[in-house]
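Okay, start_29.csv now, which holds CSV, C-alpha atoms and all ligand atoms:
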```
chain,number,residue,atom,x,y,z
A,11,MET,CA,20.5,6.6,-6.5
A,12,THR,CA,19.4,3.5,-4.7
A,13,LEU,CA,15.8,2.5,-3.9
A,14,LEU,CA,15.2,-0.2,-1.2
A,15,ASP,CA,11.9,-1.8,-0.6
A,16,ARG,CA,11.5,-4.4,2.1
A,17,TRP,CA,9.0,-6.5,0.2
A,18,GLY,CA,8.9,-5.0,-3.2
A,19,PRO,CA,6.7,-2.3,-4.9
A,20,GLY,CA,3.0,-2.5,-4.1
A,21,ASN,CA,3.5,-5.7,-2.1
A,22,ALA,CA,0.6,-7.4,-0.4
A,23,LEU,CA,1.4,-6.0,3.0
A,24,ALA,CA,1.8,-2.4,1.9
A,25,SER,CA,-1.0,0.1,1.9
A,26,SER,CA,-0.5,0.5,-1.8
A,27,GLY,CA,-0.8,-3.2,-2.4
A,28,GLY,CA,-4.5,-3.3,-3.5
A,29,ARG,CA,-5.8,-3.7,-7.1
A,30,THR,CA,-7.4,-0.2,-7.4
A,31,ARG,CA,-7.5,3.1,-5.6
A,32,ALA,CA,-9.8,6.1,-6.3
A,33,ILE,CA,-8.6,9.4,-7.6
A,34,ARG,CA,-11.1,12.3,-7.0
A,35,ALA,CA,-10.8,16.0,-6.5
A,36,VAL,CA,-13.6,16.5,-3.9
A,37,TYR,CA,-11.9,17.3,-0.7
A,38,GLY,CA,-14.3,19.4,1.3
A,39,ALA,CA,-13.0,23.0,1.8
A,40,ASP,CA,-9.4,21.7,1.7
A,41,ARG,CA,-8.4,23.5,-1.5
A,42,ILE,CA,-4.8,22.3,-1.3
A,43,TYR,CA,-5.8,18.7,-1.9
A,44,SER,CA,-8.0,19.5,-4.8
A,45,GLU,CA,-5.1,21.5,-6.3
A,46,MET,CA,-2.8,18.5,-5.7
A,47,VAL,CA,-5.2,16.2,-7.4
A,48,LYS,CA,-5.2,18.5,-10.5
A,49,ARG,CA,-1.4,18.2,-10.6
A,50,ALA,CA,-1.6,14.5,-9.8
A,51,PHE,CA,-3.8,13.9,-12.9
A,52,GLU,CA,-1.0,15.4,-15.0
A,53,LEU,CA,1.7,13.4,-13.4
A,54,TRP,CA,-0.3,10.1,-13.5
A,55,ALA,CA,-0.9,10.7,-17.2
A,56,ALA,CA,2.9,11.0,-17.8
A,57,LEU,CA,3.5,7.5,-16.6
A,58,PRO,CA,3.8,4.9,-19.4
A,59,ALA,CA,0.6,2.9,-19.8
A,60,THR,CA,-0.9,0.8,-22.6
A,61,ALA,CA,-4.5,0.2,-23.5
A,62,ALA,CA,-4.1,-3.4,-22.4
A,63,GLU,CA,-2.5,-2.4,-19.1
A,64,PRO,CA,-3.8,1.1,-18.2
A,65,LEU,CA,-2.9,2.8,-14.9
A,66,TYR,CA,-6.0,5.0,-14.8
A,67,VAL,CA,-9.6,4.4,-15.9
A,68,GLU,CA,-12.0,7.3,-15.8
A,69,SER,CA,-15.4,6.6,-14.3
A,70,GLY,CA,-16.5,9.5,-12.2
A,71,VAL,CA,-17.4,9.3,-8.5
A,72,LEU,CA,-21.0,9.2,-7.2
A,73,TRP,CA,-21.4,10.8,-3.8
A,74,MET,CA,-24.5,9.7,-2.0
A,75,HIS,CA,-25.6,11.3,1.3
A,76,ARG,CA,-28.2,10.1,3.7
A,77,GLY,CA,-27.7,13.3,5.8
A,78,ASP,CA,-25.5,16.4,5.5
A,79,ASP,CA,-23.6,16.8,2.2
A,80,ALA,CA,-21.6,19.8,3.4
A,81,TYR,CA,-18.3,18.0,2.5
A,82,VAL,CA,-19.1,17.9,-1.2
A,83,ARG,CA,-21.0,21.2,-1.2
A,84,ALA,CA,-17.9,23.0,0.2
A,85,SER,CA,-15.8,21.5,-2.6
A,86,ALA,CA,-18.1,22.4,-5.5
A,87,PRO,CA,-16.8,26.0,-5.9
A,88,ILE,CA,-13.2,24.9,-5.6
A,89,LEU,CA,-13.7,22.2,-8.2
A,90,HIS,CA,-15.4,24.7,-10.6
A,91,ASP,CA,-12.5,27.1,-10.1
A,92,LEU,CA,-10.0,24.4,-10.9
A,93,GLY,CA,-11.9,23.2,-14.0
A,94,PHE,CA,-13.4,20.0,-12.6
A,95,ALA,CA,-17.0,19.2,-13.4
A,96,ILE,CA,-19.4,18.3,-10.6
A,97,ASP,CA,-23.2,18.1,-10.8
A,98,GLU,CA,-25.9,17.6,-8.3
A,99,LEU,CA,-28.3,14.9,-9.6
A,100,ALA,CA,-32.0,14.8,-8.8
A,101,GLN,CA,-33.1,11.5,-7.3
A,102,ASP,CA,-35.1,10.4,-10.3
A,103,GLU,CA,-32.3,11.3,-12.6
A,104,ALA,CA,-29.8,9.3,-10.5
A,105,ALA,CA,-32.2,6.3,-10.3
A,106,ARG,CA,-32.7,6.5,-14.1
A,107,ARG,CA,-28.9,6.6,-14.8
A,108,TYR,CA,-28.0,3.9,-12.2
A,109,PRO,CA,-30.7,1.3,-12.0
A,110,GLN,CA,-28.2,-1.0,-10.1
A,111,ILE,CA,-28.6,1.3,-7.1
A,112,ASP,CA,-31.6,1.6,-4.7
A,113,PHE,CA,-31.4,5.2,-3.6
A,114,ARG,CA,-33.9,4.9,-0.8
A,115,GLY,CA,-32.7,6.9,2.2
A,116,VAL,CA,-30.4,9.0,0.1
A,117,ARG,CA,-31.0,12.7,0.4
A,118,SER,CA,-28.5,14.1,-2.1
A,119,VAL,CA,-26.5,12.8,-5.0
A,120,TRP,CA,-23.5,14.4,-6.7
A,121,LEU,CA,-21.6,13.2,-9.7
A,122,GLU,CA,-17.9,14.2,-9.9
A,123,ARG,CA,-17.1,13.6,-13.5
A,124,LYS,CA,-13.3,13.7,-13.8
A,125,ALA,CA,-12.4,10.9,-11.4
A,126,GLY,CA,-11.7,7.3,-11.6
A,127,ALA,CA,-9.6,4.3,-10.6
A,128,LEU,CA,-5.8,3.9,-10.5
A,129,TYR,CA,-4.3,0.5,-10.8
A,130,ALA,CA,-2.4,0.6,-7.5
A,131,HIS,CA,-0.1,-2.3,-7.5
A,132,ARG,CA,0.6,-2.0,-11.2
A,133,ALA,CA,1.5,1.7,-10.8
A,134,CYS,CA,4.0,1.0,-8.0
A,135,ALA,CA,5.8,-1.5,-10.3
A,136,ALA,CA,5.7,1.0,-13.2
A,137,VAL,CA,7.4,3.6,-11.0
A,138,ARG,CA,10.1,1.2,-9.9
A,139,ASP,CA,10.8,0.3,-13.5
A,140,LEU,CA,11.0,4.0,-14.5
A,141,PHE,CA,13.5,4.6,-11.7
A,142,VAL,CA,15.7,1.7,-12.9
A,143,GLN,CA,15.4,2.9,-16.6
A,144,ALA,CA,16.6,6.4,-15.4
A,145,GLY,CA,19.7,4.8,-13.9
A,146,GLY,CA,18.6,4.1,-10.3
A,147,ARG,CA,19.5,0.9,-8.5
A,148,TYR,CA,16.7,-1.1,-7.0
A,149,ARG,CA,17.0,-3.7,-4.3
A,150,THR,CA,14.4,-5.7,-2.4
A,151,ALA,CA,15.9,-5.1,1.1
A,152,THR,CA,15.1,-3.7,4.5
A,153,ALA,CA,16.6,-0.3,5.4
A,154,THR,CA,17.4,0.6,9.0
A,155,PRO,CA,18.1,4.2,9.7
A,156,GLY,CA,21.7,4.9,10.7
A,157,ARG,CA,23.0,7.0,13.6
A,158,ILE,CA,22.4,10.7,13.5
A,159,GLU,CA,25.5,12.7,14.4
A,160,HIS,CA,26.1,16.5,14.1
A,161,GLY,CA,22.7,17.0,12.4
A,162,THR,CA,23.1,14.4,9.6
A,163,MET,CA,22.8,10.7,8.9
A,164,LYS,CA,25.8,9.4,7.1
A,165,SER,CA,24.6,5.9,6.2
A,166,LEU,CA,21.8,3.4,6.6
A,167,ARG,CA,22.0,-0.4,7.1
A,168,SER,CA,20.4,-2.6,4.5
A,169,GLY,CA,19.1,-6.1,5.2
A,170,ASP,CA,22.3,-7.9,4.3
A,171,GLY,CA,24.2,-5.9,6.9
A,172,SER,CA,25.9,-3.6,4.3
A,173,ARG,CA,26.0,0.1,4.8
A,174,ILE,CA,24.7,2.5,2.2
A,175,GLU,CA,26.1,6.0,2.3
A,176,ALA,CA,24.2,8.9,0.7
A,177,ASP,CA,23.9,12.7,0.8
A,178,VAL,CA,20.1,12.5,1.3
A,179,PHE,CA,17.8,9.7,2.7
A,180,VAL,CA,14.1,9.6,2.0
A,181,PHE,CA,12.0,7.3,4.1
A,182,ALA,CA,8.5,6.7,2.6
A,183,CYS,CA,7.7,3.6,4.6
A,184,GLY,CA,3.9,4.0,5.0
A,185,PRO,CA,2.5,2.3,8.1
A,186,TRP,CA,6.1,1.3,9.2
A,187,LEU,CA,7.3,4.8,9.7
A,188,GLY,CA,6.5,4.7,13.4
A,189,GLN,CA,8.6,1.6,13.9
A,190,LEU,CA,11.5,3.2,12.0
A,191,PHE,CA,11.4,6.5,13.8
A,192,PRO,CA,9.9,5.7,17.2
A,193,ASP,CA,10.8,9.1,18.7
A,194,VAL,CA,9.8,11.4,15.8
A,195,ILE,CA,6.8,9.4,14.5
A,196,GLY,CA,6.0,6.6,16.9
A,197,ASP,CA,2.2,6.3,17.2
A,198,ARG,CA,1.6,9.5,15.3
A,199,VAL,CA,1.2,7.3,12.3
A,200,ARG,CA,-1.3,4.8,13.4
A,201,PRO,CA,-1.9,1.7,11.2
A,202,THR,CA,-5.5,0.6,11.4
A,203,ARG,CA,-7.0,-2.7,10.0
A,204,GLN,CA,-9.1,-2.2,6.9
A,205,GLU,CA,-11.0,-5.0,5.1
A,206,ILE,CA,-12.0,-4.9,1.5
A,207,TYR,CA,-14.4,-7.4,0.0
A,208,TYR,CA,-14.9,-8.5,-3.6
A,209,PHE,CA,-18.3,-10.0,-4.4
A,210,ALA,CA,-19.0,-11.9,-7.6
A,211,THR,CA,-21.4,-10.2,-10.0
A,212,PRO,CA,-24.3,-11.9,-11.8
A,213,LYS,CA,-23.2,-14.1,-14.6
A,214,GLY,CA,-23.1,-12.3,-17.9
A,215,SER,CA,-24.0,-9.0,-16.4
A,216,GLU,CA,-22.1,-5.8,-17.5
A,217,ALA,CA,-24.0,-3.6,-15.0
A,218,TYR,CA,-21.3,-3.6,-12.3
A,219,LYS,CA,-18.3,-2.8,-14.6
A,220,LEU,CA,-16.6,0.5,-14.0
A,221,SER,CA,-17.6,1.6,-17.5
A,222,ASN,CA,-21.3,1.3,-16.5
A,223,LEU,CA,-21.1,2.4,-12.8
A,224,PRO,CA,-18.9,5.1,-11.3
A,225,ILE,CA,-16.9,4.7,-8.1
A,226,TRP,CA,-19.4,5.4,-5.3
A,227,LEU,CA,-19.5,6.6,-1.7
A,228,ASP,CA,-22.4,6.2,0.7
A,229,PHE,CA,-22.3,8.7,3.6
A,230,GLY,CA,-24.5,7.3,6.3
A,231,LYS,CA,-23.6,6.4,10.0
A,232,ARG,CA,-20.6,4.8,8.3
A,233,ILE,CA,-18.9,5.7,5.1
A,234,VAL,CA,-19.1,2.8,2.7
A,235,TYR,CA,-17.5,2.9,-0.7
A,236,GLY,CA,-16.7,0.8,-3.7
A,237,ILE,CA,-14.7,0.8,-6.9
A,238,PRO,CA,-16.4,-1.3,-9.6
A,239,ASP,CA,-13.9,-3.5,-11.3
A,240,PRO,CA,-12.7,-2.1,-14.7
A,241,ASP,CA,-12.9,-5.7,-16.1
A,242,GLY,CA,-16.1,-6.6,-14.3
A,243,ARG,CA,-14.4,-9.4,-12.4
A,244,SER,CA,-16.0,-8.6,-9.1
A,245,PHE,CA,-17.6,-5.8,-7.0
A,246,LYS,CA,-15.5,-4.1,-4.4
A,247,VAL,CA,-17.1,-3.0,-1.1
A,248,ALA,CA,-15.2,-1.3,1.8
A,249,ASP,CA,-16.0,0.5,5.0
A,250,ASP,CA,-13.9,3.6,5.7
A,251,THR,CA,-14.4,3.3,9.5
A,252,ARG,CA,-11.0,3.0,11.2
A,253,GLY,CA,-10.4,-0.5,12.4
A,254,GLU,CA,-8.3,-1.5,15.4
A,255,THR,CA,-4.6,-0.4,15.6
A,256,ILE,CA,-2.4,-3.2,14.2
A,257,ASP,CA,1.2,-4.1,13.4
A,258,PRO,CA,1.4,-4.1,9.5
A,259,THR,CA,4.0,-6.8,9.5
A,260,THR,CA,2.2,-9.3,11.7
A,261,GLN,CA,-1.6,-8.5,11.5
A,262,ASP,CA,-3.9,-11.4,10.7
A,263,ARG,CA,-5.0,-10.9,7.2
A,264,THR,CA,-8.0,-13.2,7.3
A,265,PRO,CA,-11.3,-11.3,6.7
A,266,ARG,CA,-13.7,-11.4,9.6
A,267,SER,CA,-17.2,-12.8,9.4
A,268,GLU,CA,-18.8,-9.7,11.0
A,269,GLY,CA,-17.4,-7.4,8.4
A,270,ILE,CA,-18.5,-9.7,5.6
A,271,GLU,CA,-22.0,-9.8,7.1
A,272,ARG,CA,-22.1,-6.0,7.4
A,273,ALA,CA,-21.1,-5.6,3.8
A,274,ARG,CA,-23.8,-8.1,2.7
A,275,GLN,CA,-26.5,-6.1,4.6
A,276,PHE,CA,-25.3,-3.0,2.9
A,277,LEU,CA,-25.5,-4.6,-0.5
A,278,ALA,CA,-29.0,-5.9,0.2
A,279,GLU,CA,-30.0,-2.3,0.9
A,280,ARG,CA,-28.1,-0.3,-1.7
A,281,PHE,CA,-27.3,-2.9,-4.5
A,282,PRO,CA,-30.2,-5.3,-4.1
A,283,GLU,CA,-29.3,-7.5,-7.0
A,284,LEU,CA,-26.1,-8.4,-5.2
A,285,ALA,CA,-27.8,-9.2,-1.9
A,286,THR,CA,-26.8,-12.9,-2.1
A,287,ALA,CA,-23.7,-12.5,-4.3
A,288,PRO,CA,-20.9,-14.9,-3.2
A,289,LEU,CA,-17.8,-13.4,-1.7
A,290,ALA,CA,-15.1,-13.9,-4.3
A,291,SER,CA,-12.1,-12.6,-2.5
A,292,ALA,CA,-11.0,-10.1,0.1
A,293,GLU,CA,-8.0,-8.0,1.1
A,294,VAL,CA,-7.0,-7.0,4.6
A,295,CYS,CA,-4.9,-3.9,4.5
A,296,GLN,CA,-4.2,-0.9,6.7
A,297,TYR,CA,-4.5,2.8,6.6
A,298,GLU,CA,-1.5,4.8,7.9
A,299,ASN,CA,-3.3,7.5,9.8
A,300,SER,CA,-1.7,10.8,10.9
A,301,PRO,CA,-3.6,12.4,13.8
A,302,ASP,CA,-5.2,15.1,11.6
A,303,GLY,CA,-5.5,13.0,8.4
A,304,ASN,CA,-3.0,15.2,6.6
A,305,LEU,CA,0.2,14.1,4.8
A,306,ILE,CA,3.7,14.2,6.2
A,307,ILE,CA,6.4,15.8,4.0
A,308,ASP,CA,9.2,17.0,6.2
A,309,GLN,CA,12.8,16.8,7.3
A,310,HIS,CA,13.8,14.8,10.4
A,311,PRO,CA,14.0,17.4,13.1
A,312,GLU,CA,17.6,16.2,14.1
A,313,ALA,CA,19.0,15.4,10.6
A,314,ARG,CA,18.7,17.8,7.8
A,315,ASN,CA,19.5,15.2,5.2
A,316,VAL,CA,16.7,12.8,6.2
A,317,TRP,CA,13.2,13.3,4.8
A,318,ILE,CA,10.1,11.5,6.0
A,319,LEU,CA,7.1,11.1,3.7
A,320,GLY,CA,3.8,9.4,4.5
A,321,GLY,CA,0.6,9.8,6.5
A,322,GLY,CA,-1.6,9.0,3.5
A,323,SER,CA,-4.5,8.3,6.0
A,324,GLY,CA,-6.7,6.4,3.7
A,325,HIS,CA,-6.5,9.0,0.8
A,326,GLY,CA,-2.8,9.3,-0.1
A,327,PHE,CA,-2.4,7.0,-3.1
A,328,LYS,CA,-3.8,9.4,-5.7
A,329,LEU,CA,-1.5,12.2,-4.4
A,330,SER,CA,1.7,10.2,-4.4
A,331,PRO,CA,3.2,11.6,-7.6
A,332,VAL,CA,2.7,15.1,-6.1
A,333,VAL,CA,4.2,14.1,-2.8
A,334,GLY,CA,7.2,13.0,-4.8
A,335,GLU,CA,7.3,16.2,-6.7
A,336,MET,CA,7.0,18.3,-3.5
A,337,ALA,CA,9.8,16.3,-1.8
A,338,ALA,CA,12.1,16.6,-4.8
A,339,GLY,CA,11.4,20.4,-4.9
A,340,ALA,CA,12.3,20.6,-1.2
A,341,ILE,CA,15.4,18.5,-1.4
A,342,LEU,CA,16.8,19.7,-4.7
A,343,GLU,CA,15.6,23.3,-4.8
A,344,GLY,CA,15.0,24.2,-1.2
A,345,LYS,CA,11.2,24.8,-1.7
A,346,ARG,CA,9.3,24.6,1.5
A,347,PRO,CA,6.6,21.9,1.8
A,348,PRO,CA,3.2,23.1,2.8
A,349,GLU,CA,3.0,24.0,6.5
A,350,GLY,CA,0.1,21.6,7.1
A,351,PHE,CA,2.4,18.7,6.1
A,352,ARG,CA,5.2,19.5,8.5
A,353,LEU,CA,6.1,17.4,11.5
A,354,ALA,CA,5.9,20.2,14.1
A,355,ARG,CA,2.1,20.2,13.9
A,356,LEU,CA,2.1,16.6,15.3
A,357,ALA,CA,3.9,17.5,18.5
A,358,GLY,CA,1.5,16.4,21.3
A,359,ALA,CA,-1.3,15.8,18.8
A,360,THR,CA,-4.1,13.8,20.1
A,361,ALA,CA,-7.0,14.6,17.7
A,362,ARG,CA,-8.1,11.7,15.6
A,363,LYS,CA,-9.5,13.0,12.3
A,364,THR,CA,-10.1,11.5,8.9
A,365,GLN,CA,-10.1,13.1,5.5
A,366,PHE,CA,-13.9,13.5,5.7
A,367,ASP,CA,-14.1,15.3,9.1
B,401,LIG,C1,-8.1,-0.3,2.0
B,401,LIG,C2,-7.5,1.0,1.5
B,401,LIG,C3,-8.1,1.8,0.6
B,401,LIG,C4,-7.6,3.0,0.2
B,401,LIG,N1,-8.2,3.7,-0.8
B,401,LIG,C5,-7.6,4.8,-1.3
B,401,LIG,C6,-8.2,5.5,-2.4
B,401,LIG,O1,-9.2,5.1,-2.9
B,401,LIG,N2,-7.5,6.6,-2.9
B,401,LIG,C7,-6.4,7.0,-2.4
B,401,LIG,O2,-5.8,8.0,-2.9
B,401,LIG,N3,-5.8,6.4,-1.3
B,401,LIG,C8,-6.4,5.3,-0.8
B,401,LIG,N4,-5.8,4.6,0.3
B,401,LIG,C9,-4.6,5.2,0.9
B,401,LIG,C10,-3.3,4.8,0.1
B,401,LIG,O3,-3.4,3.6,-0.5
B,401,LIG,C11,-2.1,5.0,1.0
B,401,LIG,O4,-2.1,6.2,1.7
B,401,LIG,C12,-0.8,4.9,0.2
B,401,LIG,O5,-0.9,3.8,-0.7
B,401,LIG,C13,0.4,4.8,1.1
B,401,LIG,O6,1.5,4.7,0.4
B,401,LIG,P1,2.9,4.6,1.1
B,401,LIG,O7,3.9,4.5,0.0
B,401,LIG,O8,3.1,5.8,2.0
B,401,LIG,O9,2.9,3.3,2.0
B,401,LIG,P2,3.0,1.8,1.5
B,401,LIG,O10,2.2,1.6,0.3
B,401,LIG,O11,2.7,0.9,2.7
B,401,LIG,O12,4.5,1.6,1.1
B,401,LIG,C14,5.5,1.5,2.1
B,401,LIG,C15,6.6,0.7,1.5
B,401,LIG,O13,7.7,0.8,2.4
B,401,LIG,C16,8.3,-0.5,2.4
B,401,LIG,N5,9.1,-0.6,3.7
B,401,LIG,C17,8.6,-0.6,4.9
B,401,LIG,N6,9.6,-0.6,5.8
B,401,LIG,C18,10.7,-0.6,5.1
B,401,LIG,C19,12.1,-0.7,5.5
B,401,LIG,N7,12.5,-0.7,6.8
B,401,LIG,N8,13.0,-0.7,4.5
B,401,LIG,C20,12.6,-0.7,3.2
B,401,LIG,N9,11.3,-0.6,2.8
B,401,LIG,C21,10.4,-0.6,3.8
B,401,LIG,C22,7.2,-1.5,2.3
B,401,LIG,O14,7.7,-2.7,1.7
B,401,LIG,C23,6.3,-0.8,1.4
B,401,LIG,O15,6.4,-1.1,0.0
B,401,LIG,C24,-6.3,3.4,0.7
B,401,LIG,C25,-5.6,2.6,1.6
B,401,LIG,C26,-6.2,1.4,2.0
B,401,LIG,C27,-5.4,0.5,2.9
```
The structure given in the file should be rewritten as structure tokens.
Ligand SMILES: Cc1cc2nc3c(=O)[nH]c(=O)nc-3n(C[C@H](O)[C@H](O)[C@H](O)COP(=O)(O)OP(=O)(O)OC[C@H]3O[C@@H](n4cnc5c(N)ncnc54)[C@H](O)[C@@H]3O)c2cc1C
Amino acid sequence: MTLLDRWGPGNALASSGGRTRAIRAVYGADRIYSEMVKRAFELWAALPATAAEPLYVESGVLWMHRGDDAYVRASAPILHDLGFAIDELAQDEAARRYPQIDFRGVRSVWLERKAGALYAHRACAAVRDLFVQAGGRYRTATATPGRIEHGTMKSLRSGDGSRIEADVFVFACGPWLGQLFPDVIGDRVRPTRQEIYYFATPKGSEAYKLSNLPIWLDFGKRIVYGIPDPDGRSFKVADDTRGETIDPTTQDRTPRSEGIERARQFLAERFPELATAPLASAEVCQYENSPDGNLIIDQHPEARNVWILGGGSGHGFKLSPVVGEMAAGAILEGKRPPEGFRLARLAGATARKTQFD
């Protein structure tokens, strides 16, 4: 088995390249995702991690709504059924527990208890290491799909011009899938520019560490969210609104002043102590959006031995071990991936949805 990655696991251009990603089971009425998260927790826990270098830190997720909270409310019975705890908090209780937050304008607050932060880049490296320990060969190299003849792909070309032959090829190339398969994927996986800001926290303060403040989402006109740093190094703020369509290889990764200013205004309102916090660093990343926000796990329509995985659409990281498990089940045991993740649904798709629609 050979694994090729163009720039290496969790590299700075990849969608998985950030420091942390949230794992939570609230998924509106989409039970399949809550079930996948339940399984994902088991699979994440099976990866080797140490106390000094954890892959997961539990914190809970705080859902704040300025208007309709139907998304969380629809999930609550599913979570109860699957054994996940979720509580609606009264305003005064929320304010007492989290004095860092000004809840003005918030109409409902929910706390999802079994949820937290995954160390994204670190987890990608851990998976590569496990693959090598299990006897796989890893190379940092670009893969170019080979010709499809008589319903199969015999080989692919790697960056140094050599050919790699295999019985099965799996392409899990995130926002690059459309470039690799222009006919089958093309702009059906649309990479959009997303900026993440890290603000410095007050000197000596422990209040903005993940152990003292859960991951939070603020549902207003925009959805703004943050994952407090497990080590309290800085305070992450991001806006879930889809940015412009970009090329993930060449996009300008300099953060823009208007985005930083918007984040500051948000902080002044919701986390007033951080209103003038200096920007410590930023990441410019991309979502790889499928038209309906759902994953893609399917065979290439013209090559039975080629599998395409992706379409994480801003929420795929937590699910990645289950995507791997579903793909392995399909390839090795002939299990059918869920219908909603198949390519046929994308034919002629024009709807633009996100996970929260
Ligand atoms: C800002 C931001 C916040 C997010 N927050 C969350 C969150 O809180 N929770 C969550 O669950 N998800 C979140 N996501 C979504 C999640 O991170 C992505 O859906 C997921 O990481 C995508 O993983 P991937 O492996 O499909 O793509 P990628 O991580 O982009 O990996 C694709 C890999 O393919 C390689 N590659 C590309 N082309 C080739 C080629 N030709 N040959 C060989 N290798 C190639 C690249 O080098 C790269 O390593 C977020 C995404 C972003 C950008």
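Distances to ligand LIG 401 (chain B) were evaluated for A:Gly236, A:Gly169, A:Gly326, A:Pro87 using all atoms listed in the file, and the minimum falls at A:Gly326.
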Contact residues around A:Val234 with all atoms listed in the file at 8 Å, ignoring same-chain residues under 5 positions, as a PDB file with C-alpha atoms, keeping the file's coordinate frame:
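For reference, part.pdb as written:
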```
ATOM      1  CA  LEU A 227     -19.500   6.600  -1.700  1.00  0.00           C
ATOM      2  CA  ASP A 228     -22.400   6.200   0.700  1.00  0.00           C
ATOM      3  CA  PHE A 229     -22.300   8.700   3.600  1.00  0.00           C
ATOM      4  CA  VAL A 247     -17.100  -3.000  -1.100  1.00  0.00           C
ATOM      5  CA  ALA A 248     -15.200  -1.300   1.800  1.00  0.00           C
ATOM      6  CA  ASP A 249     -16.000   0.500   5.000  1.00  0.00           C
ATOM      7  CA  ASP A 250     -13.900   3.600   5.700  1.00  0.00           C
TER       8      ASP A 250
END
```
Review point. Could you state the separation of atom CA of A:Asp308 and atom CA of A:Met11 in Å, given to one decimal place?
Key: 19.9 Å
Exercise for review: Select, from A:Ser168, A:Ser69, A:Thr30, A:Thr251, the residue with the minimum atom-to-atom distance to A:Arg203, counting only C-alpha atoms.
Suggested key: A:Thr251
Using 7 Å as the limit and counting all atoms listed in the file, can you tabulate each residue of chain A that touches ligand LIG 401 (chain B), with its shortest atom-to-atom distance in Å and the two atoms involved, as CSV?
```
residue,atom,partner,partner_atom,distance
A:Leu14,CA,B:LIG401,C20,5.1
A:Asp15,CA,B:LIG401,N9,3.7
A:Arg16,CA,B:LIG401,N9,3.9
A:Trp17,CA,B:LIG401,O14,4.3
A:Gly18,CA,B:LIG401,O14,5.5
A:Pro19,CA,B:LIG401,O15,5.1
A:Gly20,CA,B:LIG401,O15,5.5
A:Asn21,CA,B:LIG401,O15,5.8
A:Ala24,CA,B:LIG401,O11,3.5
A:Ser25,CA,B:LIG401,O11,3.9
A:Ser26,CA,B:LIG401,O5,3.5
A:Gly27,CA,B:LIG401,O10,6.3
A:Arg31,CA,B:LIG401,O1,3.8
A:Ala32,CA,B:LIG401,O1,3.6
A:Ile33,CA,B:LIG401,N2,5.6
A:Ala151,CA,B:LIG401,C20,5.9
A:Thr152,CA,B:LIG401,N8,3.7
A:Ala153,CA,B:LIG401,N8,3.7
A:Thr154,CA,B:LIG401,N7,5.5
A:Ala182,CA,B:LIG401,O8,5.5
A:Cys183,CA,B:LIG401,O13,3.6
A:Gly184,CA,B:LIG401,O9,3.2
A:Pro185,CA,B:LIG401,O11,5.6
A:Trp186,CA,B:LIG401,N6,5.2
A:Leu190,CA,B:LIG401,N7,6.6
A:Gln204,CA,B:LIG401,C1,5.3
A:Glu205,CA,B:LIG401,C1,6.3
A:Ile206,CA,B:LIG401,C1,6.1
A:Cys295,CA,B:LIG401,C27,4.7
A:Gln296,CA,B:LIG401,C27,4.2
A:Tyr297,CA,B:LIG401,C27,4.4
A:Glu298,CA,B:LIG401,O4,6.4
A:Leu319,CA,B:LIG401,O8,6.9
A:Gly320,CA,B:LIG401,O8,4.4
A:Gly321,CA,B:LIG401,O8,6.5
A:Gly322,CA,B:LIG401,O4,3.4
A:Ser323,CA,B:LIG401,O4,5.4
A:Gly324,CA,B:LIG401,C9,3.7
A:His325,CA,B:LIG401,N3,3.4
A:Gly326,CA,B:LIG401,O4,3.7
A:Phe327,CA,B:LIG401,O2,3.5
A:Lys328,CA,B:LIG401,O2,3.7
A:Leu329,CA,B:LIG401,O2,6.2
```
Restricting the output to C-alpha atoms, write the selected residues as a compact mmCIF listing (two decimals), keeping the file's coordinate frame.
```txt
# COMPACT_ATOMS: atom_id res chain seq x y z
CA LEU A 14 15.20 -0.20 -1.20
CA ASP A 15 11.90 -1.80 -0.60
CA ARG A 16 11.50 -4.40 2.10
CA TRP A 17 9.00 -6.50 0.20
CA GLY A 18 8.90 -5.00 -3.20
CA PRO A 19 6.70 -2.30 -4.90
CA GLY A 20 3.00 -2.50 -4.10
CA ASN A 21 3.50 -5.70 -2.10
CA ALA A 24 1.80 -2.40 1.90
CA SER A 25 -1.00 0.10 1.90
CA SER A 26 -0.50 0.50 -1.80
CA GLY A 27 -0.80 -3.20 -2.40
CA ARG A 31 -7.50 3.10 -5.60
CA ALA A 32 -9.80 6.10 -6.30
CA ILE A 33 -8.60 9.40 -7.60
CA ALA A 151 15.90 -5.10 1.10
CA THR A 152 15.10 -3.70 4.50
CA ALA A 153 16.60 -0.30 5.40
CA THR A 154 17.40 0.60 9.00
CA ALA A 182 8.50 6.70 2.60
CA CYS A 183 7.70 3.60 4.60
CA GLY A 184 3.90 4.00 5.00
CA PRO A 185 2.50 2.30 8.10
CA TRP A 186 6.10 1.30 9.20
CA LEU A 190 11.50 3.20 12.00
CA GLN A 204 -9.10 -2.20 6.90
CA GLU A 205 -11.00 -5.00 5.10
CA ILE A 206 -12.00 -4.90 1.50
CA CYS A 295 -4.90 -3.90 4.50
CA GLN A 296 -4.20 -0.90 6.70
CA TYR A 297 -4.50 2.80 6.60
CA GLU A 298 -1.50 4.80 7.90
CA LEU A 319 7.10 11.10 3.70
CA GLY A 320 3.80 9.40 4.50
CA GLY A 321 0.60 9.80 6.50
CA GLY A 322 -1.60 9.00 3.50
CA SER A 323 -4.50 8.30 6.00
CA GLY A 324 -6.70 6.40 3.70
CA HIS A 325 -6.50 9.00 0.80
CA GLY A 326 -2.80 9.30 -0.10
CA PHE A 327 -2.40 7.00 -3.10
CA LYS A 328 -3.80 9.40 -5.70
CA LEU A 329 -1.50 12.20 -4.40
```
Study note, to complete from the structure: Expressed in Å, the length from atom CA of A:Glu63 to atom CA of A:Ala144 is 21.4 Å
